[in-house]
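Coordinates as given in upload37.cif (mmCIF, C-alpha atoms and all ligand atoms):
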data_entry
#
loop_
_atom_site.label_atom_id
_atom_site.label_comp_id
_atom_site.auth_asym_id
_atom_site.auth_seq_id
_atom_site.Cartn_x
_atom_site.Cartn_y
_atom_site.Cartn_z
CA MET F 81 -12.14 -16.98 -7.51
CA ASN F 82 -12.25 -20.30 -5.68
CA GLU F 83 -14.50 -19.70 -2.65
CA ARG F 84 -13.02 -22.32 -0.34
CA TRP F 85 -11.55 -20.84 2.83
CA ARG F 86 -12.73 -17.47 1.73
CA SER F 87 -14.18 -15.26 4.45
CA LYS F 88 -16.64 -12.69 3.10
CA ARG F 89 -15.95 -10.04 5.76
CA VAL F 90 -13.55 -7.92 3.71
CA THR F 91 -15.46 -8.12 0.44
CA ALA F 92 -18.72 -7.35 2.28
CA LEU F 93 -17.15 -4.43 4.19
CA PHE F 94 -16.07 -2.68 0.99
CA GLY F 95 -18.77 -4.03 -1.38
CA ILE F 96 -16.18 -5.57 -3.75
CA GLU F 97 -15.81 -8.87 -5.60
CA HIS F 98 -12.21 -9.91 -4.83
CA PRO F 99 -10.46 -9.40 -1.45
CA ILE F 100 -7.71 -7.35 -3.10
CA VAL F 101 -6.93 -3.74 -2.11
CA GLN F 102 -4.57 -1.54 -4.12
CA GLY F 103 -2.55 0.31 -1.52
CA GLY F 104 -2.18 4.08 -1.50
CA MET F 105 1.21 4.97 -3.02
CA ILE F 106 2.71 8.43 -3.29
CA HIS F 107 3.36 9.43 -6.91
CA ASN F 108 1.61 6.29 -8.19
CA SER F 109 -1.96 5.95 -6.96
CA GLY F 110 -4.04 8.63 -8.65
CA GLY F 111 -7.64 8.32 -9.71
CA ARG F 112 -6.86 6.42 -12.90
CA LEU F 113 -5.20 3.52 -11.05
CA ALA F 114 -7.86 3.42 -8.32
CA ALA F 115 -10.63 3.34 -10.95
CA ALA F 116 -8.91 0.55 -12.91
CA VAL F 117 -8.53 -1.65 -9.81
CA SER F 118 -12.06 -0.98 -8.57
CA GLY F 119 -13.42 -1.56 -12.06
CA ALA F 120 -11.73 -4.98 -12.05
CA GLY F 121 -13.44 -6.03 -8.81
CA GLY F 122 -10.80 -5.03 -6.24
CA LEU F 123 -10.67 -1.90 -4.10
CA GLY F 124 -8.70 1.01 -5.54
CA LEU F 125 -7.39 3.72 -3.22
CA VAL F 126 -6.46 7.27 -4.19
CA GLY F 127 -3.36 8.15 -2.18
CA ALA F 128 -3.31 11.65 -0.69
CA GLY F 129 0.34 11.52 0.36
CA SER F 130 1.87 13.34 -2.61
CA LEU F 131 -1.13 15.50 -3.55
CA TYR F 132 -2.20 18.98 -2.51
CA PRO F 133 -5.82 19.05 -1.30
CA ASP F 134 -7.10 20.47 -4.62
CA GLU F 135 -5.24 17.83 -6.63
CA PHE F 136 -6.58 15.18 -4.26
CA ARG F 137 -10.15 16.40 -4.83
CA ALA F 138 -9.63 16.26 -8.61
CA GLU F 139 -8.32 12.66 -8.39
CA ILE F 140 -11.34 11.59 -6.29
CA ARG F 141 -13.64 13.10 -8.93
CA ARG F 142 -11.65 11.38 -11.66
CA VAL F 143 -12.39 7.96 -10.12
CA ARG F 144 -16.10 8.72 -10.20
CA GLU F 145 -15.88 9.70 -13.88
CA LEU F 146 -14.24 6.36 -14.70
CA THR F 147 -16.19 3.88 -12.58
CA ASP F 148 -19.24 3.59 -10.38
CA LYS F 149 -17.63 0.82 -8.29
CA PRO F 150 -16.63 1.37 -4.63
CA PHE F 151 -13.23 2.98 -4.02
CA GLY F 152 -11.44 4.57 -1.10
CA VAL F 153 -8.62 6.92 -0.16
CA ASN F 154 -5.35 6.58 1.74
CA LEU F 155 -4.31 9.37 4.09
CA PRO F 156 -0.79 9.10 5.54
CA LEU F 157 -1.15 11.07 8.78
CA LEU F 158 2.49 12.18 8.93
CA TYR F 159 2.08 14.81 6.21
CA ASP F 160 1.19 18.40 7.16
CA HIS F 161 -1.78 18.50 4.81
CA ALA F 162 -3.39 15.26 6.13
CA ARG F 163 -6.14 17.14 7.97
CA ASP F 164 -7.02 19.21 4.89
CA CYS F 165 -7.12 16.05 2.77
CA LEU F 166 -9.39 14.42 5.34
CA ASP F 167 -11.75 17.42 4.98
CA VAL F 168 -11.65 16.97 1.20
CA ALA F 169 -12.39 13.22 1.40
CA LEU F 170 -15.34 13.72 3.76
CA GLY F 171 -16.57 16.72 1.77
CA GLU F 172 -16.55 14.61 -1.41
CA GLY F 173 -18.54 11.88 0.35
CA VAL F 174 -15.82 9.21 0.15
CA GLY F 175 -17.09 6.20 2.10
CA ILE F 176 -13.86 4.25 2.70
CA VAL F 177 -10.81 5.82 4.37
CA PHE F 178 -7.49 4.07 4.99
CA THR F 179 -5.06 5.97 7.25
CA SER F 180 -1.38 5.21 7.88
CA ALA F 181 1.84 6.57 9.38
CA GLY F 182 0.41 7.99 12.60
CA SER F 183 -2.03 7.25 15.39
CA PRO F 184 -5.50 6.05 14.35
CA GLN F 185 -6.84 7.71 17.52
CA ARG F 186 -6.14 11.14 16.03
CA VAL F 187 -8.79 10.81 13.35
CA ALA F 188 -11.05 8.04 14.69
CA GLY F 189 -13.61 10.46 16.17
CA ARG F 190 -14.22 12.32 12.91
CA LEU F 191 -14.26 9.19 10.77
CA LYS F 192 -16.66 7.31 13.04
CA GLU F 193 -18.91 10.37 13.26
CA ALA F 194 -18.97 10.59 9.46
CA GLY F 195 -19.95 6.91 9.32
CA VAL F 196 -17.21 5.92 6.87
CA VAL F 197 -15.47 2.55 6.74
CA PHE F 198 -12.20 3.18 8.60
CA VAL F 199 -9.04 1.10 8.19
CA HIS F 200 -5.54 1.86 9.52
CA VAL F 201 -2.17 0.37 8.53
CA ALA F 202 -0.09 -1.27 11.30
CA ALA F 203 3.32 -2.95 11.35
CA SER F 204 3.03 -4.66 14.75
CA PRO F 205 0.44 -6.65 16.72
CA ALA F 206 0.46 -3.93 19.41
CA LEU F 207 -0.59 -1.28 16.89
CA ALA F 208 -3.18 -3.63 15.39
CA VAL F 209 -4.74 -3.90 18.87
CA LYS F 210 -4.77 -0.07 19.11
CA CYS F 211 -6.51 0.10 15.73
CA GLU F 212 -9.25 -2.20 16.97
CA ALA F 213 -9.61 -0.15 20.18
CA ALA F 214 -9.82 3.06 18.10
CA GLY F 215 -12.84 1.62 16.26
CA CYS F 216 -11.26 0.55 12.97
CA ASP F 217 -13.45 -1.73 10.87
CA ALA F 218 -10.38 -3.65 9.64
CA VAL F 219 -6.61 -3.36 9.91
CA VAL F 220 -3.95 -3.62 7.22
CA VAL F 221 -0.85 -5.29 8.64
CA GLU F 222 2.22 -4.53 6.60
CA GLY F 223 5.39 -6.61 6.79
CA PHE F 224 9.04 -5.71 6.37
CA GLU F 225 9.06 -6.80 2.70
CA ALA F 226 6.78 -3.93 1.68
CA GLY F 227 7.67 -1.02 -0.54
CA GLY F 228 7.49 2.57 0.61
CA HIS F 229 7.72 3.76 4.20
CA ASN F 230 7.92 0.93 6.63
CA GLY F 231 7.62 0.16 10.34
CA ARG F 232 10.73 -0.17 12.51
CA GLU F 233 9.72 -3.60 13.82
CA GLU F 234 11.14 -5.66 10.94
CA LEU F 235 8.38 -8.27 11.32
CA THR F 236 7.90 -10.09 8.05
CA THR F 237 4.40 -10.65 6.67
CA MET F 238 4.75 -14.39 7.35
CA VAL F 239 5.11 -13.74 11.08
CA LEU F 240 3.13 -10.50 11.44
CA VAL F 241 -0.12 -11.79 9.92
CA PRO F 242 -0.74 -14.76 12.25
CA LEU F 243 0.29 -12.68 15.28
CA CYS F 244 -2.26 -10.01 14.35
CA VAL F 245 -4.99 -12.52 13.50
CA GLU F 246 -4.50 -13.89 17.02
CA ALA F 247 -4.50 -10.41 18.60
CA VAL F 248 -7.61 -8.79 17.08
CA SER F 249 -11.08 -9.84 16.02
CA ILE F 250 -11.58 -7.28 13.22
CA PRO F 251 -10.58 -8.51 9.74
CA VAL F 252 -6.85 -8.48 9.01
CA ILE F 253 -5.70 -7.43 5.53
CA ALA F 254 -2.16 -8.63 4.80
CA ALA F 255 0.34 -6.35 3.03
CA GLY F 256 3.98 -6.66 2.08
CA GLY F 257 5.42 -9.17 -0.35
CA ILE F 258 2.19 -10.00 -2.20
CA ALA F 259 2.46 -9.82 -5.98
CA SER F 260 1.13 -13.21 -7.08
CA GLY F 261 -1.94 -15.34 -6.48
CA ALA F 262 0.15 -17.93 -4.60
CA GLN F 263 1.14 -15.18 -2.16
CA LEU F 264 -2.53 -14.16 -1.90
CA ALA F 265 -3.40 -17.79 -1.06
CA ALA F 266 -0.59 -17.88 1.51
CA ALA F 267 -1.88 -14.69 3.18
CA LEU F 268 -5.40 -16.12 3.41
CA ALA F 269 -4.01 -19.40 4.75
CA LEU F 270 -2.30 -17.40 7.52
CA GLY F 271 -5.69 -16.02 8.55
CA ALA F 272 -5.81 -12.73 6.66
CA GLU F 273 -9.19 -12.03 5.06
CA GLY F 274 -7.84 -9.84 2.28
CA VAL F 275 -4.60 -8.44 0.90
CA GLN F 276 -3.26 -4.98 0.16
CA VAL F 277 -0.94 -4.93 -2.84
CA GLY F 278 1.33 -1.97 -3.55
CA SER F 279 4.45 -2.57 -5.64
CA ARG F 280 2.76 -4.81 -8.23
CA PHE F 281 0.27 -2.01 -8.97
CA ALA F 282 3.01 0.66 -9.09
CA ALA F 283 4.27 -0.95 -12.31
CA THR F 284 1.00 -0.85 -14.25
CA VAL F 285 -0.21 1.22 -17.18
CA GLU F 286 -2.56 3.32 -15.01
CA SER F 287 -0.06 4.08 -12.25
CA SER F 288 0.76 7.80 -12.34
CA SER F 289 4.51 7.31 -11.83
CA HIS F 290 7.07 8.08 -14.55
CA SER F 291 7.54 5.35 -17.18
CA ASP F 292 11.29 5.24 -16.41
CA PHE F 293 10.51 4.40 -12.78
CA LYS F 294 8.18 1.59 -13.89
CA GLN F 295 10.93 0.22 -16.15
CA ALA F 296 13.44 0.43 -13.27
CA VAL F 297 11.07 -1.72 -11.22
CA VAL F 298 10.92 -4.27 -14.06
CA ASP F 299 14.72 -4.25 -14.40
CA GLY F 300 15.59 -4.09 -10.69
CA ASP F 301 15.63 -6.70 -7.93
CA ASP F 302 17.79 -5.16 -5.21
CA THR F 303 15.83 -3.35 -2.49
CA ARG F 304 16.96 -2.31 1.00
CA LEU F 305 15.33 -0.64 3.96
CA VAL F 306 17.26 2.55 4.68
CA LEU F 307 16.87 5.73 6.78
CA LYS F 308 15.79 3.83 9.89
CA LYS F 309 17.01 6.67 12.11
CA HIS F 310 14.60 8.99 10.29
CA VAL F 311 11.58 7.46 8.50
CA PRO F 312 12.43 3.91 7.30
CA VAL F 313 11.85 3.43 3.59
CA ARG F 314 12.53 0.55 1.19
CA LEU F 315 14.34 1.69 -1.94
CA LEU F 316 15.68 0.25 -5.14
CA ARG F 317 19.46 0.55 -5.55
CA ASN F 318 20.78 3.70 -7.21
CA ALA F 319 23.46 6.31 -6.53
CA PHE F 320 21.27 8.10 -3.97
CA ARG F 321 20.61 4.93 -1.97
CA GLU F 322 24.26 3.95 -2.07
CA ARG F 323 25.18 7.34 -0.63
CA ILE F 324 22.70 6.88 2.22
CA GLU F 325 23.95 3.34 2.89
CA ALA F 326 27.55 4.53 3.00
CA ALA F 327 26.61 7.31 5.45
CA GLU F 328 24.69 4.83 7.63
CA ALA F 329 27.62 2.41 7.63
CA ASP F 330 29.70 5.36 8.81
CA GLY F 331 27.32 5.93 11.73
CA ALA F 332 25.76 9.14 10.35
CA SER F 333 23.45 10.99 12.74
CA ARG F 334 19.74 11.48 12.01
CA ASP F 335 20.40 15.14 11.17
CA ARG F 336 23.09 14.17 8.68
CA LEU F 337 20.73 11.69 7.01
CA VAL F 338 17.91 14.25 6.85
CA ASP F 339 20.41 16.60 5.24
CA LEU F 340 21.46 14.02 2.64
CA LEU F 341 17.81 13.23 1.90
CA GLY F 342 16.91 16.86 1.28
CA LYS F 343 13.49 17.66 -0.11
CA GLY F 344 11.48 16.26 -3.01
CA ARG F 345 13.47 13.04 -3.63
CA ALA F 346 10.36 10.86 -3.98
CA ARG F 347 8.87 13.19 -6.58
CA LEU F 348 12.24 13.31 -8.36
CA GLY F 349 12.54 9.53 -8.53
CA MET F 350 9.00 8.27 -9.03
CA GLY F 351 7.28 11.36 -10.43
CA GLU F 352 10.03 12.67 -12.69
CA GLY F 353 11.94 9.46 -13.42
CA ASP F 354 15.38 10.51 -12.15
CA LEU F 355 16.77 7.00 -11.61
CA VAL F 356 20.10 8.24 -10.24
CA GLU F 357 19.27 10.86 -7.63
CA GLY F 358 15.60 10.15 -6.83
CA GLU F 359 14.01 7.90 -4.20
CA LEU F 360 12.77 4.74 -5.95
CA GLU F 361 10.32 3.26 -3.44
CA ILE F 362 9.44 -0.37 -4.11
CA GLY F 363 9.10 -3.68 -2.23
CA GLN F 364 11.10 -6.89 -2.32
CA VAL F 365 8.62 -8.19 -4.91
CA ALA F 366 10.33 -5.94 -7.48
CA ALA F 367 12.30 -9.11 -8.26
CA MET F 368 9.02 -10.77 -9.35
CA ILE F 369 7.78 -7.93 -11.53
CA HIS F 370 8.63 -8.42 -15.21
CA ASP F 371 6.13 -6.26 -17.09
CA VAL F 372 3.92 -3.17 -16.98
CA PRO F 373 0.42 -4.50 -17.68
CA PRO F 374 -2.96 -2.79 -17.22
CA ALA F 375 -4.07 -2.92 -13.56
CA ALA F 376 -7.13 -5.02 -14.47
CA ALA F 377 -4.78 -7.69 -15.85
CA VAL F 378 -2.95 -7.75 -12.50
CA VAL F 379 -6.24 -8.36 -10.66
CA ALA F 380 -7.20 -11.12 -13.13
CA ARG F 381 -3.76 -12.75 -12.76
CA LEU F 382 -3.92 -12.66 -8.96
CA VAL F 383 -7.29 -14.43 -9.04
CA ALA F 384 -6.21 -17.03 -11.64
CA GLU F 385 -2.94 -17.75 -9.82
CA TYR F 386 -4.82 -18.04 -6.51
CA ASP F 387 -7.09 -20.68 -8.04
CA ALA F 388 -4.05 -22.50 -9.46
CA ALA F 389 -2.35 -22.43 -6.04
CA LEU F 390 -5.37 -24.08 -4.45
CA ILE F 391 -5.35 -26.78 -7.14
CA ARG F 392 -1.65 -27.36 -6.39
CA LEU F 393 -2.59 -27.87 -2.75
CA GLY F 394 -5.24 -30.40 -3.79
CA ILE F 395 -8.18 -28.33 -2.55
CA GLY F 396 -9.37 -26.65 -5.72
CA SER F 397 -10.89 -27.69 -9.00
C1 LIG W 1 5.91 3.51 -4.36
C2 LIG W 1 5.17 3.23 -3.08
C3 LIG W 1 4.59 4.29 -2.40
C4 LIG W 1 3.85 4.05 -1.22
N1 LIG W 1 3.23 5.09 -0.60
C5 LIG W 1 2.38 4.84 0.44
C6 LIG W 1 1.55 5.88 0.97
O1 LIG W 1 1.54 7.00 0.49
N2 LIG W 1 0.74 5.55 2.02
C7 LIG W 1 0.69 4.29 2.57
O2 LIG W 1 -0.05 4.05 3.51
N3 LIG W 1 1.47 3.29 2.06
C8 LIG W 1 2.27 3.53 1.01
N4 LIG W 1 2.96 2.49 0.43
C9 LIG W 1 2.72 1.11 0.92
C10 LIG W 1 1.59 0.44 0.11
O3 LIG W 1 0.36 1.07 0.32
C11 LIG W 1 1.46 -1.05 0.47
O4 LIG W 1 1.04 -1.25 1.80
C12 LIG W 1 2.76 -1.81 0.24
O5 LIG W 1 3.31 -1.45 -1.00
C13 LIG W 1 2.50 -3.31 0.27
O6 LIG W 1 3.68 -4.04 0.07
P1 LIG W 1 4.23 -4.47 -1.39
O7 LIG W 1 4.94 -3.26 -1.88
O8 LIG W 1 5.13 -5.60 -1.10
O9 LIG W 1 3.04 -4.82 -2.22
C14 LIG W 1 3.74 2.73 -0.72
C15 LIG W 1 4.35 1.68 -1.42
C16 LIG W 1 5.05 1.91 -2.59
C17 LIG W 1 5.67 0.75 -3.33
#
Give the structure from this file in structure tokens form.
Amino acid sequence: MNERWRSKRVTALFGIEHPIVQGGMIHNSGGRLAAAVSGAGGLGLVGAGSLYPDEFRAEIRRVRELTDKPFGVNLPLLYDHARDCLDVALGEGVGIVFTSAGSPQRVAGRLKEAGVVFVHVAASPALAVKCEAAGCDAVVVEGFEAGGHNGREELTTMVLVPLCVEAVSIPVIAAGGIASGAQLAAALALGAEGVQVGSRFAATVESSSHSDFKQAVVDGDDTRLVLKKHVPVRLLRNAFRERIEAAEADGASRDRLVDLLGKGRARLGMGEGDLVEGELEIGQVAAMIHDVPPAAAVVARLVAEYDAALIRLGIGS
């Protein structure tokens, strides 16, 4: 990877070669995906969001069977079992913990005491500042384009990243709308020191999601942020999303939306491949995803395209 402009803070913090993190993704980011990304020189994360603590422990152990490279975990704090999964991660000696969907203050004490590298995901400069104050070693700032659950702020990555770079002195890792090396170069040009990529890794061989979901990502290009009155989430178009959109256009209350959502939609869509009634979480970059390659090929492409982008700008060779 062309070294010009490249800060070493993120790669040094995690002990990795390329400043590329594979984001935690419910129903996608098991141990196989994390190991493939880490093995290719990025940082793979095992996502705890859709796993029971015992399953989570098994996935952490699976990474270690497949690679001896550094890896981490993602703990969305909004789930009931987050605390148990934190116990599992610390008990297994995981050295890198990314948290999201909650207050970093809640877990900062335990993580700092355990001496792990601690990163939180923020969707606004104000939350990025709170992450720094809580003792985070870096902050992921995730723009409106991103797949999965999203902030309410609607700040796009293009605007969010420079605002956060200005607001904090810890390294900023840009997320949302990054699926190519040109987008990686753009994020670094905005002052980010690394990127977190989600959607592009969801449609890879090692992702644990259903093959029909991966194919829907390849075929689809229409995503919308829905359920803002509840927990905002970006979804690919299907009958379920259309029903939610119609209810929202009708002014449905939060309770009505929660009722329509029901339970287990994400598992149904991404885990079981129900493309009609399931939640199909993916980012705007779905429109740029045309294949389901091995995750290592995605890392290699990002690096090669980054180098090509710099040559286009007249600063690479
Ligand atoms: C299918 C899917 C599931 C996700 N689940 C989680 C999650 O469990 N925890 C989390 O912090 N972020 C989650 N995200 C967000 C990603 O970690 C990442 O920040 C985001 O995908 C980056 O934007 P991109 O999709 O444009 O690459 C999810 C994203 C996707 C696409």
- Message: Around ligand LIG 1 (chain W), out to 7 Å and counting all atoms listed in the file, which residues are there? I want them as a VMD selection string.
- Response: chain F and resid 103 to 108 127 to 129 154 to 156 179 to 181 201 222 225 to 229 255 to 259 276 to 280 282 361 to 365
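Minimum distance to Asp217 (chain F) across F:Val248, F:Glu83, F:Ser204, F:Glu352 (counting only C-alpha atoms) occurs at F:Val248.
Closest approach to Ile324 (chain F) from the set F:Glu357, F:Asp292, F:Asp148, F:Asp301 is made by F:Glu357, with distances taken over only C-alpha atoms.
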- Item | F:Glu273, F:Glu322, F:Arg381, F:Val306 ranked by distance to Val101 (chain F), top pick (using only C-alpha atoms) | F:Glu273
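Shortest separation to Gly119 (chain F) among F:Ser249, F:Thr237, F:Thr147, F:Gln102 occurs at residue F:Thr147, atoms counted being only C-alpha atoms.
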